[in-house]
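Undergrad: Just final_34.txt, nothing more (compact mmCIF, C-alpha atoms):
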# COMPACT_ATOMS: atom_id res chain seq x y z
CA MET O 106 -11.66 0.85 15.16
CA THR O 107 -15.45 1.22 15.30
CA THR O 108 -17.84 -1.13 17.00
CA ASP O 109 -21.58 -1.32 17.14
CA GLU O 110 -24.11 -2.58 19.66
CA GLN O 111 -25.92 -4.85 17.26
CA THR O 112 -27.20 -8.20 18.40
CA THR O 113 -28.07 -11.45 16.68
CA THR O 114 -29.95 -14.63 17.53
CA THR O 115 -28.37 -17.88 18.68
CA PRO O 116 -29.55 -21.26 17.27
CA ASP O 117 -31.74 -21.74 20.35
CA GLY O 118 -33.48 -18.39 19.86
CA ARG O 119 -31.63 -16.26 22.41
CA THR O 120 -30.17 -12.82 21.74
CA ARG O 121 -26.43 -12.19 22.01
CA PRO O 122 -24.05 -9.35 21.01
CA MET O 123 -22.38 -9.77 17.64
CA VAL O 124 -18.89 -11.29 17.48
CA SER O 125 -15.94 -10.62 15.16
CA GLY O 126 -13.69 -13.59 14.43
CA VAL O 127 -10.04 -12.73 13.78
CA VAL O 128 -7.39 -14.93 12.09
CA THR O 129 -3.85 -14.09 10.98
CA CYS O 130 -2.07 -16.42 8.57
CA TYR O 131 0.84 -17.11 6.23
CA ASN O 132 0.92 -20.11 3.86
CA GLU O 133 -1.73 -21.99 5.82
CA GLU O 134 -3.71 -23.54 2.96
CA HIS O 135 -3.69 -26.92 4.74
CA ASN O 136 -5.26 -25.41 7.90
CA LEU O 137 -7.15 -22.28 6.94
CA GLU O 138 -10.36 -23.77 5.53
CA ALA O 139 -11.07 -25.83 8.66
CA CYS O 140 -10.20 -22.87 10.89
CA LEU O 141 -12.55 -20.48 9.08
CA ALA O 142 -15.31 -23.08 8.89
CA SER O 143 -15.18 -23.35 12.69
CA LEU O 144 -15.74 -19.57 12.91
CA GLU O 145 -18.77 -19.36 10.62
CA TRP O 146 -20.98 -18.73 13.66
CA CYS O 147 -19.22 -15.36 14.06
CA ASP O 148 -20.89 -12.34 12.46
CA GLU O 149 -17.78 -11.33 10.52
CA ILE O 150 -14.31 -12.83 10.13
CA ILE O 151 -11.24 -10.61 9.76
CA VAL O 152 -8.37 -12.42 7.98
CA VAL O 153 -4.97 -10.72 7.84
CA ASP O 154 -2.59 -12.55 5.50
CA SER O 155 1.18 -11.94 5.36
CA PHE O 156 1.31 -12.17 1.54
CA SER O 157 1.02 -15.96 1.34
CA THR O 158 2.41 -17.68 -1.73
CA ASP O 159 0.02 -20.64 -1.49
CA ARG O 160 -3.80 -20.78 -1.78
CA SER O 161 -4.49 -19.10 1.57
CA PRO O 162 -5.87 -15.86 0.05
CA GLU O 163 -8.13 -17.80 -2.33
CA ILE O 164 -9.45 -19.97 0.50
CA ALA O 165 -10.12 -16.98 2.76
CA LYS O 166 -11.98 -15.05 0.06
CA GLY O 167 -14.22 -18.08 -0.51
CA PHE O 168 -15.98 -17.49 2.84
CA PRO O 169 -18.79 -14.90 2.54
CA LYS O 170 -18.25 -13.48 6.03
CA VAL O 171 -14.51 -12.90 5.55
CA ARG O 172 -13.07 -9.42 5.22
CA PHE O 173 -9.62 -10.02 3.76
CA PHE O 174 -6.52 -7.87 4.30
CA GLN O 175 -2.82 -8.29 3.59
CA ARG O 176 0.07 -6.84 5.58
CA GLU O 177 3.78 -7.51 5.85
CA TYR O 178 4.62 -9.59 8.93
CA PHE O 179 6.49 -7.75 11.69
CA GLY O 180 5.64 -10.11 14.53
CA ALA O 181 2.72 -12.06 16.00
CA GLY O 182 1.64 -9.30 18.39
CA ALA O 183 1.89 -6.51 15.85
CA GLN O 184 -0.05 -8.50 13.27
CA LYS O 185 -2.93 -9.27 15.64
CA ASN O 186 -3.08 -5.72 16.98
CA TRP O 187 -3.23 -4.42 13.41
CA ALA O 188 -6.11 -6.81 12.65
CA LEU O 189 -8.10 -5.59 15.67
CA GLN O 190 -8.46 -2.10 14.18
CA TYR O 191 -10.86 -3.53 11.56
CA VAL O 192 -13.19 -5.21 14.06
CA GLN O 193 -16.77 -3.91 13.76
CA HIS O 194 -18.51 -5.69 16.63
CA GLY O 195 -18.41 -5.57 20.40
CA TRP O 196 -16.69 -8.92 21.04
CA VAL O 197 -13.66 -10.61 19.48
CA PHE O 198 -12.97 -14.32 19.12
CA LEU O 199 -9.43 -14.85 17.84
CA LEU O 200 -7.77 -17.99 16.48
CA ASP O 201 -4.46 -18.88 14.90
CA ALA O 202 -4.83 -20.57 11.52
CA ASP O 203 -3.92 -23.99 12.96
CA GLU O 204 -6.66 -23.81 15.59
CA ARG O 205 -10.35 -24.77 15.52
CA CYS O 206 -13.31 -23.60 17.58
CA THR O 207 -15.04 -26.79 18.71
CA PRO O 208 -18.87 -27.05 18.58
CA GLU O 209 -18.91 -27.30 22.40
CA LEU O 210 -16.93 -24.08 22.72
CA ARG O 211 -19.17 -22.28 20.26
CA ARG O 212 -22.25 -23.20 22.29
CA GLU O 213 -20.58 -22.15 25.53
CA VAL O 214 -19.46 -18.79 24.12
CA GLU O 215 -22.88 -18.02 22.66
CA ALA O 216 -24.59 -18.94 25.93
CA LEU O 217 -22.13 -16.78 27.89
CA LEU O 218 -22.75 -13.77 25.64
CA ALA O 219 -26.52 -14.31 25.72
CA ASP O 220 -26.52 -14.43 29.54
CA GLY O 221 -24.54 -11.21 29.74
CA PRO O 222 -20.80 -11.62 30.39
CA THR O 223 -19.52 -10.22 33.69
CA GLU O 224 -15.88 -9.85 32.59
CA ASN O 225 -14.08 -8.29 29.63
CA ALA O 226 -12.02 -11.37 28.68
CA TYR O 227 -12.04 -15.15 29.13
CA MET O 228 -9.42 -17.90 29.12
CA ILE O 229 -9.90 -21.05 27.02
CA ASN O 230 -8.31 -24.48 27.34
CA ARG O 231 -6.41 -25.72 24.30
CA ARG O 232 -6.08 -29.36 23.18
CA VAL O 233 -2.83 -29.94 21.30
CA PHE O 234 -2.59 -32.39 18.37
CA PHE O 235 0.75 -33.57 16.95
CA LEU O 236 0.87 -35.71 13.78
CA GLY O 237 -2.80 -36.60 14.17
CA ARG O 238 -2.72 -37.57 17.86
CA GLN O 239 -3.56 -35.55 20.94
CA ILE O 240 -0.65 -34.70 23.22
CA ARG O 241 -2.23 -35.25 26.64
CA TYR O 242 0.86 -34.58 28.79
CA SER O 243 4.39 -33.30 28.01
CA GLY O 244 3.61 -29.94 29.65
CA TRP O 245 0.64 -29.19 27.41
CA GLN O 246 -2.10 -30.63 29.63
CA HIS O 247 -2.70 -27.19 31.16
CA ASP O 248 -2.36 -25.10 28.00
CA GLN O 249 -4.68 -22.09 28.24
CA VAL O 250 -5.02 -18.98 26.10
CA SER O 251 -7.13 -15.82 26.23
CA ARG O 252 -8.99 -15.57 22.91
CA LEU O 253 -12.44 -14.14 23.76
CA PHE O 254 -12.53 -10.50 24.81
CA ARG O 255 -14.56 -7.32 24.62
CA THR O 256 -13.41 -5.06 21.81
CA GLY O 257 -11.06 -2.31 22.99
CA THR O 258 -10.21 -3.90 26.34
CA ALA O 259 -7.16 -6.00 25.36
CA TYR O 260 -4.02 -5.85 23.22
CA TYR O 261 -1.11 -8.12 22.31
CA GLU O 262 2.46 -7.64 23.47
CA ASN O 263 4.81 -6.35 20.80
CA ARG O 264 6.75 -9.60 20.46
CA ARG O 265 7.68 -11.46 17.28
CA VAL O 266 6.70 -14.87 18.68
CA HIS O 267 4.60 -16.17 21.60
CA SER O 268 2.97 -12.78 22.14
CA LEU O 269 0.54 -12.79 25.08
CA LEU O 270 -2.79 -10.97 25.22
CA ARG O 271 -2.87 -8.25 27.87
CA THR O 272 -6.35 -7.92 29.34
CA SER O 273 -8.06 -5.70 31.90
CA GLY O 274 -9.56 -7.40 34.95
CA PRO O 275 -10.10 -11.09 35.75
CA THR O 276 -10.15 -13.71 32.99
CA PRO O 277 -12.30 -16.70 34.04
CA LEU O 278 -11.64 -20.06 32.38
CA LEU O 279 -14.30 -21.52 30.10
CA ALA O 280 -15.07 -25.24 30.29
CA SER O 281 -14.74 -26.07 26.57
CA ALA O 282 -11.56 -26.11 24.47
CA ILE O 283 -9.92 -24.94 21.27
CA ASP O 284 -8.32 -27.69 19.17
CA HIS O 285 -4.73 -26.76 18.26
CA HIS O 286 -3.40 -28.80 15.32
CA MET O 287 0.23 -27.96 15.92
CA VAL O 288 1.55 -30.35 13.25
CA ASP O 289 -0.67 -32.37 10.92
CA ARG O 290 1.51 -33.17 7.94
CA ALA O 291 5.21 -33.85 8.50
CA PHE O 292 7.84 -34.03 11.18
CA ASP O 293 10.24 -31.71 9.35
CA GLU O 294 7.55 -29.02 9.22
CA TYR O 295 7.60 -28.72 12.99
CA ALA O 296 11.40 -28.95 13.26
CA PHE O 297 11.70 -26.02 10.83
CA ARG O 298 9.11 -24.03 12.79
CA ILE O 299 10.92 -24.63 16.10
CA ALA O 300 14.21 -23.46 14.60
CA LYS O 301 12.50 -20.32 13.28
CA TYR O 302 10.80 -19.58 16.59
CA GLY O 303 14.08 -20.21 18.42
CA LEU O 304 15.83 -17.61 16.27
CA TRP O 305 13.03 -15.10 16.79
CA GLY O 306 12.96 -15.80 20.52
CA ALA O 307 16.72 -15.31 20.79
CA ALA O 308 16.47 -11.99 18.97
CA GLN O 309 13.68 -10.90 21.32
CA CYS O 310 15.78 -11.84 24.36
CA TRP O 311 18.71 -9.86 22.96
CA ARG O 312 16.49 -6.80 22.49
CA ASP O 313 15.18 -7.25 26.06
CA GLY O 314 18.72 -7.31 27.45
CA GLN O 315 18.74 -11.03 28.36
CA ARG O 316 21.99 -12.91 27.85
CA CYS O 317 23.03 -16.54 28.31
CA GLY O 318 26.32 -18.36 28.85
CA ARG O 319 27.73 -21.72 27.86
CA PHE O 320 26.10 -23.39 30.86
CA ASP O 321 22.66 -22.30 29.62
CA VAL O 322 23.31 -23.73 26.16
CA VAL O 323 24.25 -27.12 27.62
CA ALA O 324 21.98 -27.36 30.66
CA ARG O 325 18.72 -25.78 29.57
CA PRO O 326 17.90 -28.27 26.78
CA PHE O 327 18.64 -31.17 29.15
CA TRP O 328 16.46 -29.65 31.87
CA ARG O 329 13.67 -28.94 29.38
CA PHE O 330 13.60 -32.60 28.35
CA ILE O 331 13.61 -33.86 31.96
CA ARG O 332 10.86 -31.42 32.90
CA THR O 333 8.52 -32.22 30.00
CA TYR O 334 9.19 -35.93 29.59
CA ILE O 335 9.51 -36.96 33.26
CA LEU O 336 8.05 -34.32 35.57
CA GLN O 337 5.21 -33.31 33.22
CA LEU O 338 4.54 -36.95 32.27
CA GLY O 339 5.45 -36.83 28.60
CA ILE O 340 6.44 -40.47 28.96
CA LEU O 341 2.70 -41.28 29.13
CA ASP O 342 2.30 -39.98 25.55
CA GLY O 343 4.36 -42.96 24.36
CA GLN O 344 6.77 -42.78 21.43
CA LEU O 345 5.10 -39.62 20.18
CA GLY O 346 5.71 -38.01 23.57
CA LEU O 347 9.41 -38.90 23.38
CA VAL O 348 9.75 -37.29 19.94
CA PHE O 349 7.72 -34.29 21.00
CA CYS O 350 9.76 -33.67 24.18
CA LEU O 351 13.06 -34.07 22.31
CA LEU O 352 11.91 -31.43 19.83
CA GLN O 353 10.95 -29.11 22.69
CA ALA O 354 14.42 -29.59 24.18
CA TYR O 355 16.00 -28.82 20.80
Kindly transcribe the structure held in the file into structure tokens.

TA:
Amino acid sequence: MTTDEQTTTTPDGRTRPMVSGVVTCYNEEHNLEACLASLEWCDEIIVVDSFSTDRSPEIAKGFPKVRFFQREYFGAGAQKNWALQYVQHGWVFLLDADERCTPELRREVEALLADGPTENAYMINRRVFFLGRQIRYSGWQHDQVSRLFRTGTAYYENRRVHSLLRTSGPTPLLASAIDHHMVDRAFDEYAFRIAKYGLWGAAQCWRDGQRCGRFDVVARPFWRFIRTYILQLGILDGQLGLVFCLLQAY
């Protein structure tokens, strides 16, 4: 991984360090164009594709700033860490293919970098959308992720799913948000994804030495539903909240 100290100019005429956008994807033709369009303010965009069978590679190559790579998928953390080796600039802004950088967040990030950031990484709020509507409660009202960091100061856990970014030092929270379009098209799409993530998560727990008994199988889904739908106010998301919390319990 090599980085430079080059700078560029923001729309309001200020100077900031250059930023590398990073996206990993697989069969995301319905999301990828909007995701990459929201990163066009970055000075390069690294896309690592897991040999998609849809139009994802064609879409990615249509963006002039994209540097396109393909790699077999071994897990979310491994894929992102592999992508980071190709970053050429001093800061990284990373998104999943179903996420968007909002205009407000872009302005905040550029202003932060122009002022001279005091930390190596920053947390960002995430707004979750399910079947075209924002999920305001159901446990997702405080969803935060670390996606902006100085190159070489952070790495992802080696986990197949839900890999967290490990950073050095404090990670202040920015005011603006990423939009996370968790499911835009069909209910069964999300049900299939949850089943897949559940299998991967179970395999990860097995490798980590975690075991569960019959009580866990019966009680944990029930508790998950009560926690998200009642305690975390999923009931206020209406019928969509009920469906969403039932899927989380499943």

Undergrad: Report, in Å with one decimal, the straight-line distance from CA of Val323 (chain O) to CA of Gln353 (chain O).

TA: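 Value for the CA of Val323 (chain O)-CA of Gln353 (chain O) distance: 14.3 Å.
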
Undergrad: For Ile164 (chain O), work out the shell of residues within 10 Å, counting all atoms listed in the file and skipping chain neighbours fewer than 2 positions away, then give it as JSON, numbers by chain.

TA: {"O": [133, 134, 135, 137, 138, 141, 159, 160, 161, 162, 166, 167, 168]}

Undergrad: Counting all atoms listed in the file, find residues at most 7 Å from (9.6, -28.2, 17.5) (file frame) and give them as a VMD selection string.

TA: chain O and resid 295 to 296 298 to 299 352 to 353

Undergrad: Considering only C-alpha atoms, state which residue in the set O:Ala183, O:Val197, O:Ala324, O:Leu236 is at the smallest distance from Ile150 (chain O).

TA: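 Closest to Ile150 (chain O), using only C-alpha atoms: O:Val197.
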
Undergrad: Rounded to one decimal place, report the CA of Thr115 (chain O)-CA of Glu163 (chain O) distance in Å.

TA: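 So the answer is 29.2 Å.
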
Undergrad: As an MDAnalysis selection string, please: the residues near Ile229 (chain O) (cut-off 8 Å, only C-alpha atoms, same-chain neighbours under 6 positions excluded).

TA: chainID O and resid 249:252 278:283

Undergrad: For Leu269 (chain O), which residue among O:Thr333, O:Asn230, O:Asn186, O:Ser243 is the nearest when counting only C-alpha atoms?

TA: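 Using only C-alpha atoms, Leu269 (chain O) sits closest to O:Asn186.
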
Undergrad: So that I can check the surroundings of Tyr131 (chain O), please list as a list in words every protein, DNA and RNA residue that reaches within 12 Å of it, counting only C-alpha atoms and ignoring chain neighbours fewer than 3 positions away.

TA: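 Here the qualifying residues turn out to be Val128, Glu134, His135, Asn136, Leu137, Val152, Val153, Asp154, Ser155, Phe156, Ser157, Thr158, Asp159, Arg160, Ser161, Pro162, Ala165, Phe174, Gln175, Arg176, Glu177, Tyr178, Gly180, Ala181, Gln184, Asp201, Ala202 and Asp203 of chain O.
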
Undergrad: Might you pull out every residue within 12 Å of Gly257 (chain O), with all atoms listed in the file counted and same-chain residues fewer than 3 positions away left off, and present them as a tab-separated table (two decimals) with C-alpha atoms, in the frame of the given file?

TA:
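Saved to out_14.tsv:
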chain	number	residue	atom	x	y	z
O	106	MET	CA	-11.66	0.85	15.16
O	107	THR	CA	-15.45	1.22	15.30
O	108	THR	CA	-17.84	-1.13	17.00
O	186	ASN	CA	-3.08	-5.72	16.98
O	189	LEU	CA	-8.10	-5.59	15.67
O	190	GLN	CA	-8.46	-2.10	14.18
O	191	TYR	CA	-10.86	-3.53	11.56
O	192	VAL	CA	-13.19	-5.21	14.06
O	193	GLN	CA	-16.77	-3.91	13.76
O	194	HIS	CA	-18.51	-5.69	16.63
O	195	GLY	CA	-18.41	-5.57	20.40
O	196	TRP	CA	-16.69	-8.92	21.04
O	197	VAL	CA	-13.66	-10.61	19.48
O	225	ASN	CA	-14.08	-8.29	29.63
O	226	ALA	CA	-12.02	-11.37	28.68
O	253	LEU	CA	-12.44	-14.14	23.76
O	254	PHE	CA	-12.53	-10.50	24.81
O	260	TYR	CA	-4.02	-5.85	23.22
O	261	TYR	CA	-1.11	-8.12	22.31
O	271	ARG	CA	-2.87	-8.25	27.87
O	272	THR	CA	-6.35	-7.92	29.34
O	273	SER	CA	-8.06	-5.70	31.90

Undergrad: Can you measure CA of Glu262 (chain O) to CA of Asp313 (chain O) for me? One decimal in Å is fine.

TA: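 Result for CA of Glu262 (chain O) versus CA of Asp313 (chain O): 13.0 Å, one decimal.
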
Undergrad: Which of these residues is nearest to Lys170 (chain O), using only C-alpha atoms: O:Thr112, O:Asn263, O:Ser125, O:Thr258?

TA: O:Ser125

Undergrad: Taking (9.2, -7.6, 23.3) as a centre in this file's frame and 9 Å as the limit, can you find every polymer residue with an atom that close, using only C-alpha atoms, and give them as a list in words?

TA: Glu262, Asn263, Arg264, Arg265, Val266, Ser268, Gln309, Cys310, Arg312 and Asp313 of chain O

Undergrad: Considering all atoms listed in the file, state which residue in the set O:Arg212, O:His267, O:Asp220, O:Ile335 is at the smallest distance from Tyr302 (chain O).

TA: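 The shortest atom-to-atom distance to Tyr302 (chain O) comes from O:His267.
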
Undergrad: Find, counting all atoms listed in the file, the residue in O:Phe330, O:Tyr355, O:Trp146, O:Phe235 that gets nearest to Pro169 (chain O).

TA: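 Among the listed residues, O:Trp146 lies closest to Pro169 (chain O).
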
Undergrad: Draw an axis-aligned box tight on the listed atoms of region 331-348 of chain O, then pad every side by 3 Å and write out centre and edge lengths in Å to one decimal as AutoDock Vina command-line options.

TA:
--center_x 8.0 --center_y -37.2 --center_z 27.8 --size_x 17.3 --size_y 17.5 --size_z 21.6

Undergrad: I need the residue nearest Trp328 (chain O) from this list: O:Leu351, O:Thr276, O:Cys130, O:Ala259. Use only C-alpha atoms for the distance.

TA: O:Leu351

Undergrad: Applying 9 Å and all atoms listed in the file, which residues near Gly244 (chain O) remain after dropping the ones on its own chain fewer than 6 positions away? List them as a ChimeraX atom specification.

TA: /O:332-334,336-339
